[in-house]
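Note: the block below is input18.txt and it holds compact mmCIF, C-alpha atoms.
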```txt
# COMPACT_ATOMS: atom_id res chain seq x y z
CA MET A 251 0.00 0.00 0.00
CA SER A 252 2.73 2.47 1.01
CA LEU A 253 4.77 1.48 -2.06
CA ASP A 254 1.76 2.29 -4.25
CA ALA A 255 1.48 5.66 -2.55
CA ALA A 256 5.20 6.35 -3.01
CA VAL A 257 5.03 5.48 -6.71
CA ALA A 258 1.94 7.67 -7.14
CA VAL A 259 3.62 10.62 -5.38
CA VAL A 260 6.77 10.23 -7.52
CA LEU A 261 4.67 10.14 -10.69
CA VAL A 262 2.74 13.25 -9.66
CA PHE A 263 5.96 15.15 -8.94
CA ILE A 264 7.48 14.07 -12.26
CA PHE A 265 4.32 15.27 -14.00
CA ILE A 266 4.38 18.63 -12.17
CA ALA A 267 8.11 19.10 -12.89
CA LEU A 268 7.63 18.36 -16.60
CA SER A 269 4.66 20.75 -16.79
CA VAL A 270 6.65 23.54 -15.13
CA TYR A 271 9.62 22.89 -17.45
CA TYR A 272 7.55 23.02 -20.63
CA VAL A 273 5.50 26.03 -19.51
CA GLY A 274 8.77 27.82 -18.76
CA LYS A 275 10.24 26.82 -22.11
CA ALA A 276 7.15 27.99 -24.00
CA ASN A 277 7.54 31.46 -22.47
CA ASP A 278 11.25 31.65 -23.21
CA GLU A 279 11.88 35.27 -24.24
CA PRO A 280 9.14 35.67 -26.83
CA LEU A 281 9.97 39.37 -27.29
CA SER A 282 13.55 38.77 -28.35
CA ARG A 283 12.26 36.28 -30.93
CA LEU A 284 9.77 38.74 -32.37
CA GLN A 285 12.48 41.38 -32.37
CA MET A 286 14.88 39.02 -34.17
CA VAL A 287 12.35 38.24 -36.89
CA ARG A 288 11.67 41.94 -37.46
CA ALA A 289 15.38 42.86 -37.33
CA GLY A 290 16.19 40.28 -40.02
CA SER A 291 13.44 41.53 -42.28
CA ASP A 292 14.41 45.21 -41.72
CA VAL A 293 18.10 44.56 -42.41
CA MET A 294 17.32 42.69 -45.63
CA LEU A 295 15.07 45.48 -46.85
CA LEU A 296 17.68 48.15 -46.07
CA LEU A 297 20.36 46.16 -47.89
CA ASP A 298 18.08 45.68 -50.87
CA LYS A 299 17.13 49.37 -51.00
CA GLU A 300 20.74 50.48 -51.06
CA ASP A 301 21.55 47.90 -53.77
CA ALA A 302 23.99 46.18 -51.47
CA PHE A 303 23.63 42.92 -53.40
CA SER A 304 24.55 44.42 -56.78
CA SER A 305 28.29 43.98 -56.21
CA LEU A 306 27.86 40.21 -55.72
CA ASN A 307 30.96 40.53 -53.62
CA GLN A 308 30.79 38.45 -50.50
CA ASP A 309 33.17 40.55 -48.38
CA GLU A 310 31.48 43.80 -49.29
CA ILE A 311 28.02 42.47 -48.52
CA ALA A 312 29.25 40.98 -45.25
CA LYS A 313 30.65 44.40 -44.29
CA ARG A 314 27.35 46.08 -45.04
CA VAL A 315 25.44 43.47 -43.07
CA SER A 316 27.75 43.97 -40.09
CA ALA A 317 27.31 47.76 -40.32
CA ILE A 318 23.53 47.51 -39.97
CA LEU A 319 22.99 44.38 -37.93
CA PRO A 320 22.55 45.03 -34.18
CA PRO A 321 25.65 43.82 -32.33
CA VAL A 322 23.69 41.24 -30.33
CA TYR A 323 22.81 39.28 -33.46
CA GLU A 324 24.58 37.08 -35.96
CA MET A 325 23.27 36.67 -39.47
CA ARG A 326 23.83 34.30 -42.34
CA LEU A 327 22.61 35.12 -45.79
CA ARG A 328 22.36 32.96 -48.89
CA ILE A 329 21.32 34.19 -52.31
CA ASN A 330 20.31 31.84 -55.10
CA GLY A 331 19.75 33.40 -58.46
CA THR A 332 20.18 33.59 -62.20
CA PHE A 333 23.66 35.10 -61.91
CA PRO A 334 26.82 33.16 -62.77
CA GLY A 335 27.47 30.61 -60.06
CA ASN A 336 23.83 30.53 -59.02
CA VAL A 337 24.46 30.29 -55.30
CA PHE A 338 26.03 33.00 -53.29
CA THR A 339 26.50 32.84 -49.53
CA VAL A 340 27.31 35.67 -47.16
CA GLU A 341 28.09 34.85 -43.59
CA THR A 342 28.76 37.08 -40.64
CA ALA A 343 29.04 33.94 -38.54
CA ARG A 344 30.38 30.52 -39.33
CA ASP A 345 27.55 28.28 -38.14
CA GLU A 346 24.11 28.58 -36.67
CA PRO A 347 24.05 27.55 -33.02
CA GLU A 348 22.40 24.28 -32.12
CA GLY A 349 19.47 24.24 -29.75
CA SER A 350 18.70 27.94 -29.72
CA PHE A 351 16.11 29.93 -31.62
CA ILE A 352 16.96 30.97 -35.18
CA ALA A 353 14.74 33.40 -37.04
CA SER A 354 14.67 32.93 -40.79
CA GLY A 355 13.06 34.57 -43.76
CA GLU A 356 13.21 35.04 -47.48
CA ARG A 357 13.19 37.98 -49.84
CA LEU A 358 13.08 38.08 -53.61
CA VAL A 359 15.73 40.42 -54.97
CA VAL A 360 16.42 42.02 -58.32
CA ILE A 361 20.11 42.73 -58.87
CA PRO A 362 20.79 45.14 -61.70
CA ASN A 363 23.74 44.36 -64.01
CA SER A 364 25.14 45.71 -67.28
CA THR A 365 22.89 43.56 -69.44
CA GLY A 366 19.67 43.82 -67.44
CA ALA A 367 19.07 42.20 -64.11
CA TYR A 368 19.64 39.03 -62.15
CA TYR A 369 16.74 37.63 -60.21
CA GLY A 370 17.49 36.04 -56.89
CA ARG A 371 16.00 34.57 -53.78
CA ALA A 372 17.73 35.71 -50.61
CA ARG A 373 17.31 33.52 -47.56
CA TYR A 374 18.55 34.70 -44.21
CA TRP A 375 18.98 33.33 -40.71
CA VAL A 376 19.35 35.50 -37.61
CA TRP A 377 20.19 34.40 -34.09
CA LEU A 378 21.44 35.80 -30.81
CA LYS A 379 25.21 35.82 -30.27
CA MET B 41 2.24 2.04 23.24
CA ARG B 42 -1.33 1.05 22.43
CA LYS B 43 -2.75 0.55 18.92
CA ALA B 44 -5.10 3.53 19.20
CA GLN B 45 -2.18 5.83 20.08
CA ILE B 46 -0.10 4.53 17.12
CA ALA B 47 -3.02 5.10 14.76
CA SER B 48 -3.50 8.69 15.92
CA ILE B 49 0.23 9.47 15.56
CA ASP B 50 0.12 8.03 12.02
CA LEU B 51 -2.91 10.14 11.27
CA PHE B 52 -1.24 13.23 12.71
CA ILE B 53 1.90 12.70 10.60
CA ALA B 54 -0.15 12.01 7.48
CA VAL B 55 -2.29 15.13 7.99
CA THR B 56 0.82 17.24 8.63
CA ILE B 57 2.52 15.98 5.44
CA PHE B 58 -0.67 16.49 3.50
CA LEU B 59 -1.06 20.06 4.80
CA ILE B 60 2.59 20.87 3.99
CA LEU B 61 2.16 19.50 0.45
CA LEU B 62 -1.13 21.35 0.05
CA GLY B 63 0.58 24.56 1.20
CA VAL B 64 3.45 24.08 -1.26
CA VAL B 65 1.06 23.35 -4.14
CA LEU B 66 -1.15 26.35 -3.32
CA HIS B 67 1.90 28.62 -3.03
CA ALA B 68 3.27 27.36 -6.38
CA TRP B 69 -0.17 27.75 -7.94
CA ASN B 70 -0.38 31.31 -6.69
CA ILE B 71 3.10 32.18 -8.03
CA TYR B 72 2.35 30.67 -11.44
CA ASN B 73 -1.00 32.42 -11.56
CA LEU B 74 0.69 35.79 -10.94
CA ARG B 75 3.38 34.99 -13.50
CA LEU B 76 0.75 33.97 -16.01
CA GLN B 77 -1.12 37.24 -15.52
CA ASP B 78 2.12 39.21 -15.92
CA ASN B 79 2.96 37.20 -19.04
CA ILE B 80 -0.45 37.82 -20.56
CA GLU B 81 -0.09 41.53 -19.90
CA TYR B 82 3.47 41.54 -21.22
CA GLU B 83 2.50 39.68 -24.39
CA LYS B 84 -0.37 42.08 -25.00
CA MET B 85 2.09 44.97 -24.71
CA GLN B 86 4.54 43.24 -27.05
CA LEU B 87 1.91 42.76 -29.67
CA LYS B 88 0.79 46.37 -29.34
CA ALA B 89 4.39 47.58 -29.61
CA PHE B 90 5.07 45.55 -32.74
CA HIS B 91 1.72 46.41 -34.34
CA VAL B 92 2.34 50.11 -33.75
CA SER B 93 5.92 49.86 -35.01
CA ASP B 94 4.72 48.03 -38.14
CA LEU B 95 2.05 50.64 -38.71
CA LEU B 96 4.45 53.56 -38.29
CA VAL B 97 7.36 52.28 -40.39
CA LYS B 98 5.45 50.50 -43.17
CA SER B 99 2.35 52.60 -43.75
CA PRO B 100 2.02 56.17 -45.04
CA GLY B 101 -1.15 56.62 -42.98
CA TYR B 102 -4.56 57.70 -44.16
CA PRO B 103 -5.19 60.00 -45.94
CA PHE B 104 -1.86 59.57 -47.73
CA ALA B 105 -0.75 63.18 -47.17
CA TRP B 106 -2.31 63.51 -43.72
CA GLU B 107 0.58 65.69 -42.58
CA ASP B 108 -0.53 68.40 -45.08
CA SER B 109 -4.22 67.82 -45.52
CA GLY B 110 -5.33 67.91 -41.91
CA PRO B 111 -6.16 65.39 -39.22
CA ALA B 112 -5.09 61.84 -39.92
CA GLU B 113 -7.51 58.96 -39.66
CA VAL B 114 -4.62 56.51 -39.44
CA ILE B 115 -1.10 57.55 -38.50
CA GLY B 116 1.77 56.24 -40.61
CA LEU B 117 5.23 57.71 -41.05
CA ALA B 118 6.48 55.90 -44.15
CA SER B 119 6.85 57.38 -47.60
CA SER B 120 7.54 53.81 -48.73
CA ASP B 121 8.16 50.55 -46.88
CA ARG B 122 10.52 51.32 -43.99
CA VAL B 123 11.56 54.66 -45.42
CA LEU B 124 10.34 57.43 -43.11
CA SER B 125 9.07 60.73 -44.42
CA PRO B 126 10.63 63.64 -42.44
CA GLU B 127 7.41 65.66 -42.91
CA LYS B 128 5.25 62.90 -41.47
CA VAL B 129 7.68 62.42 -38.58
CA SER B 130 7.62 66.16 -37.81
CA ALA B 131 3.81 66.20 -37.94
CA PHE B 132 3.65 63.16 -35.65
CA ILE B 133 6.05 64.68 -33.14
CA ALA B 134 4.08 67.93 -33.12
CA MET B 135 0.81 66.09 -32.42
CA ASP B 136 -0.86 66.25 -29.05
CA TYR B 137 0.27 63.25 -26.98
CA ASP B 138 -3.22 62.13 -25.93
CA GLU B 139 -4.53 62.48 -29.47
CA SER B 140 -1.68 60.42 -30.93
CA LYS B 141 -2.08 57.78 -28.21
CA GLN B 142 -5.76 57.52 -28.96
CA MET B 143 -5.14 57.25 -32.71
CA LEU B 144 -2.57 54.51 -32.17
CA LYS B 145 -5.09 52.78 -29.86
CA LEU B 146 -2.50 52.46 -27.13
CA SER B 147 -4.73 53.06 -24.10
CA PRO B 148 -4.37 52.10 -21.25
CA TYR B 149 -0.61 52.19 -21.88
CA GLU B 150 1.74 55.13 -22.32
CA TYR B 151 4.36 55.36 -25.01
CA SER B 152 7.56 57.04 -26.07
CA PHE B 153 8.82 57.29 -29.63
CA ARG B 154 12.43 57.81 -30.64
CA ILE B 155 14.46 57.87 -33.80
CA LYS B 156 18.17 57.23 -33.34
CA GLN B 157 21.11 57.01 -35.68
CA LEU B 158 22.88 53.65 -35.84
CA SER B 159 25.54 55.26 -33.63
CA ASN B 160 22.78 55.70 -30.99
CA ASN B 161 22.59 59.51 -31.28
CA LEU B 162 19.03 60.64 -30.73
CA THR B 163 17.52 62.36 -33.79
CA SER B 164 13.86 62.84 -32.83
CA SER B 165 11.62 61.89 -29.97
CA SER B 166 8.10 62.30 -28.71
CA GLY B 167 5.79 60.83 -26.09
CA LEU B 168 6.34 60.59 -22.36
CA PRO B 169 9.55 59.49 -20.67
CA MET B 170 9.29 55.95 -19.33
CA ALA B 171 7.93 55.93 -15.79
CA GLY B 172 6.20 52.58 -15.39
CA GLU B 173 7.00 49.21 -13.93
CA LEU B 174 6.39 47.03 -16.98
CA SER B 175 7.67 48.11 -20.37
CA VAL B 176 8.26 46.74 -23.84
CA THR B 177 10.47 48.27 -26.53
CA ALA B 178 10.23 47.43 -30.21
CA GLU B 179 13.12 48.49 -32.44
CA ARG B 180 12.88 48.82 -36.21
CA TYR B 181 15.59 49.60 -38.74
CA VAL B 182 14.60 52.21 -41.29
CA THR B 183 15.87 54.83 -43.66
CA TYR B 184 15.34 58.37 -42.40
CA ASN B 185 16.71 61.49 -44.08
CA ASP B 186 18.67 59.20 -46.44
CA GLU B 187 20.47 57.57 -43.53
CA LYS B 188 19.91 54.31 -41.74
CA ALA B 189 18.18 54.82 -38.44
CA ILE B 190 16.53 52.97 -35.58
CA VAL B 191 12.93 53.62 -34.59
CA GLN B 192 12.17 52.76 -30.98
CA ILE B 193 8.67 52.45 -29.60
CA THR B 194 8.45 51.89 -25.86
CA ILE B 195 5.11 51.05 -24.32
CA TRP B 196 4.65 50.87 -20.58
CA GLU B 197 2.09 50.89 -17.83
```
Take the structure I supplied and represent it as structure tokens, if you would.
Amino acid sequence: MSLDAAVAVVLVFIFIALSVYYVGKANDEPLSRLQMVRAGSDVMLLLDKEDAFSSLNQDEIAKRVSAILPPVYEMRLRINGTFPGNVFTVETARDEPEGSFIASGERLVVIPNSTGAYYGRARYWVWLK
Amino acid sequence: MRKAQIASIDLFIAVTIFLILLGVVLHAWNIYNLRLQDNIEYEKMQLKAFHVSDLLVKSPGYPFAWEDSGPAEVIGLASSDRVLSPEKVSAFIAMDYDESKQMLKLSPYEYSFRIKQLSNNLTSSSGLPMAGELSVTAERYVTYNDEKAIVQITIWE
């Protein structure tokens, strides 16, 4: 009888602990996530408006990204398009972190060139340093 | 010791443990309830802050040239997506605080609005200085006067 009670109490405490853990995890800094999503979108738009992609020079674009991106964030940017090489990756950080939140988004970009324009799809990932 | 005495000691211990556990559970329940209420309030403020920031930096407002043509029905500061119009910003800053708060549907909260350069130098500001206990700040990256800038909306209660 007392063993049954002990098992029941242990199960209840495990259940309560799991509930508390997952409730806490669900409320894990929602504002910073919203802010990250918006920051990524804003930075991409600013880069696009100032034709930052037109050079198709990875170092130059990375510099521009670093100049705008808030210092608390890291960003990785990949552009696929009709330009020579087809895939173009800009990174301000080597790898995305594992296990933490990463905001991502996509923007269609038109990159003017001497013969007309390249059309590209820019994907980006933003995360906290 | 007699059986009846042993039984009452058992009962006393069991009731004591039960009451302690009940107390702990009620206390935890109360704490989580308060946290939940704070979280709900905080999330409401976050959503307001981001809705207002979206409205201000993405929309020109209504009517389009509200800064010239008279009272706005909807406030927006953008000449195009995330490019702020200096005229609209000036008109917004010159607006009566209560009127602008009402138009942004921010009641019962207060707000402050700032535009900063990327170097953190303050360019423009309006609203009330933060004086509450709970606050939320939304930051947006925009072009203002042909320079990159940060728009900050802080909402508090």
I'd like the interatomic distance between CA of Gly167 in chain B and CA of Ala189 in chain B, to a tenth of an Å.
18.5 Å
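Every residue of chain A that lies within 8 Å of chain B is listed here, counting all atoms listed in the file: Leu281, Gln285, Arg288, Ala289, Asp292, Val293, Leu295, Leu296 and Ile318 of chain A.
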One decimal, in Å: what's the spacing between CA of Lys88 in chain B and CA of Asn161 in chain B?
25.5 Å
Using all atoms listed in the file, which of B:Pro126, B:Gly110, B:Pro148, B:Gly63 sits nearest Ile195 in chain B?
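The answer is B:Pro148, which sits nearest to Ile195 in chain B.
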6 Å contact set for range 322-329 of chain A, all atoms listed in the file, chain neighbours under 4 positions out, as a list in words
Val337, Phe338, Thr339, Val340, Glu341, Thr342, Arg371, Ala372, Arg373, Tyr374, Trp375, Val376, Trp377, Leu378 and Lys379 of chain A
What is the CA of Tyr368 in chain A-CA of Gln308 in chain A distance in Å, reported with one decimal?
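Straight-line distance from CA of Tyr368 in chain A to CA of Gln308 in chain A works out to 16.1 Å.
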With all atoms listed in the file counted, which protein, DNA or RNA residues have an atom no more than 6 Å from (13.1, 35.6, -40.3) in the file frame? Please answer as a PyMOL selection string.
chain A and resi 287+290+353-355
Can you sort out the box for range 287-296 of chain A, edges along x, y and z, all listed atoms in, 3 Å on every side, with centre and edge lengths in Å to one decimal, as lines of an AutoDock Vina configuration file?
```
center_x = 14.9
center_y = 43.2
center_z = -41.9
size_x = 12.4
size_y = 15.9
size_z = 16.0
```
Residues near Ala118 in chain B, cut-off 9 Å, only C-alpha atoms, skip fewer than 4 positions along chain, as a ChimeraX atom specification
/B:95-101,122-126,128-129
If we count only C-alpha atoms and set the cut-off at 9 Å, which residues sit around Phe132 in chain B, ignoring sequence neighbours fewer than 3 positions away in its own chain? Please answer as a PyMOL selection string.
chain B and resi 107+115-117+127-129+135-136+140+166
Which of these residues is nearest to Ala255 in chain A, using all atoms listed in the file: B:Leu66, B:Ala54, B:Ala47, B:Thr194?
B:Ala54
Which protein, DNA or RNA residues have an atom at most 12 Å from (25.4, 47.5, -51.0), counting only C-alpha atoms? List them as a PyMOL selection string.
chain A and resi 293-318+361-362
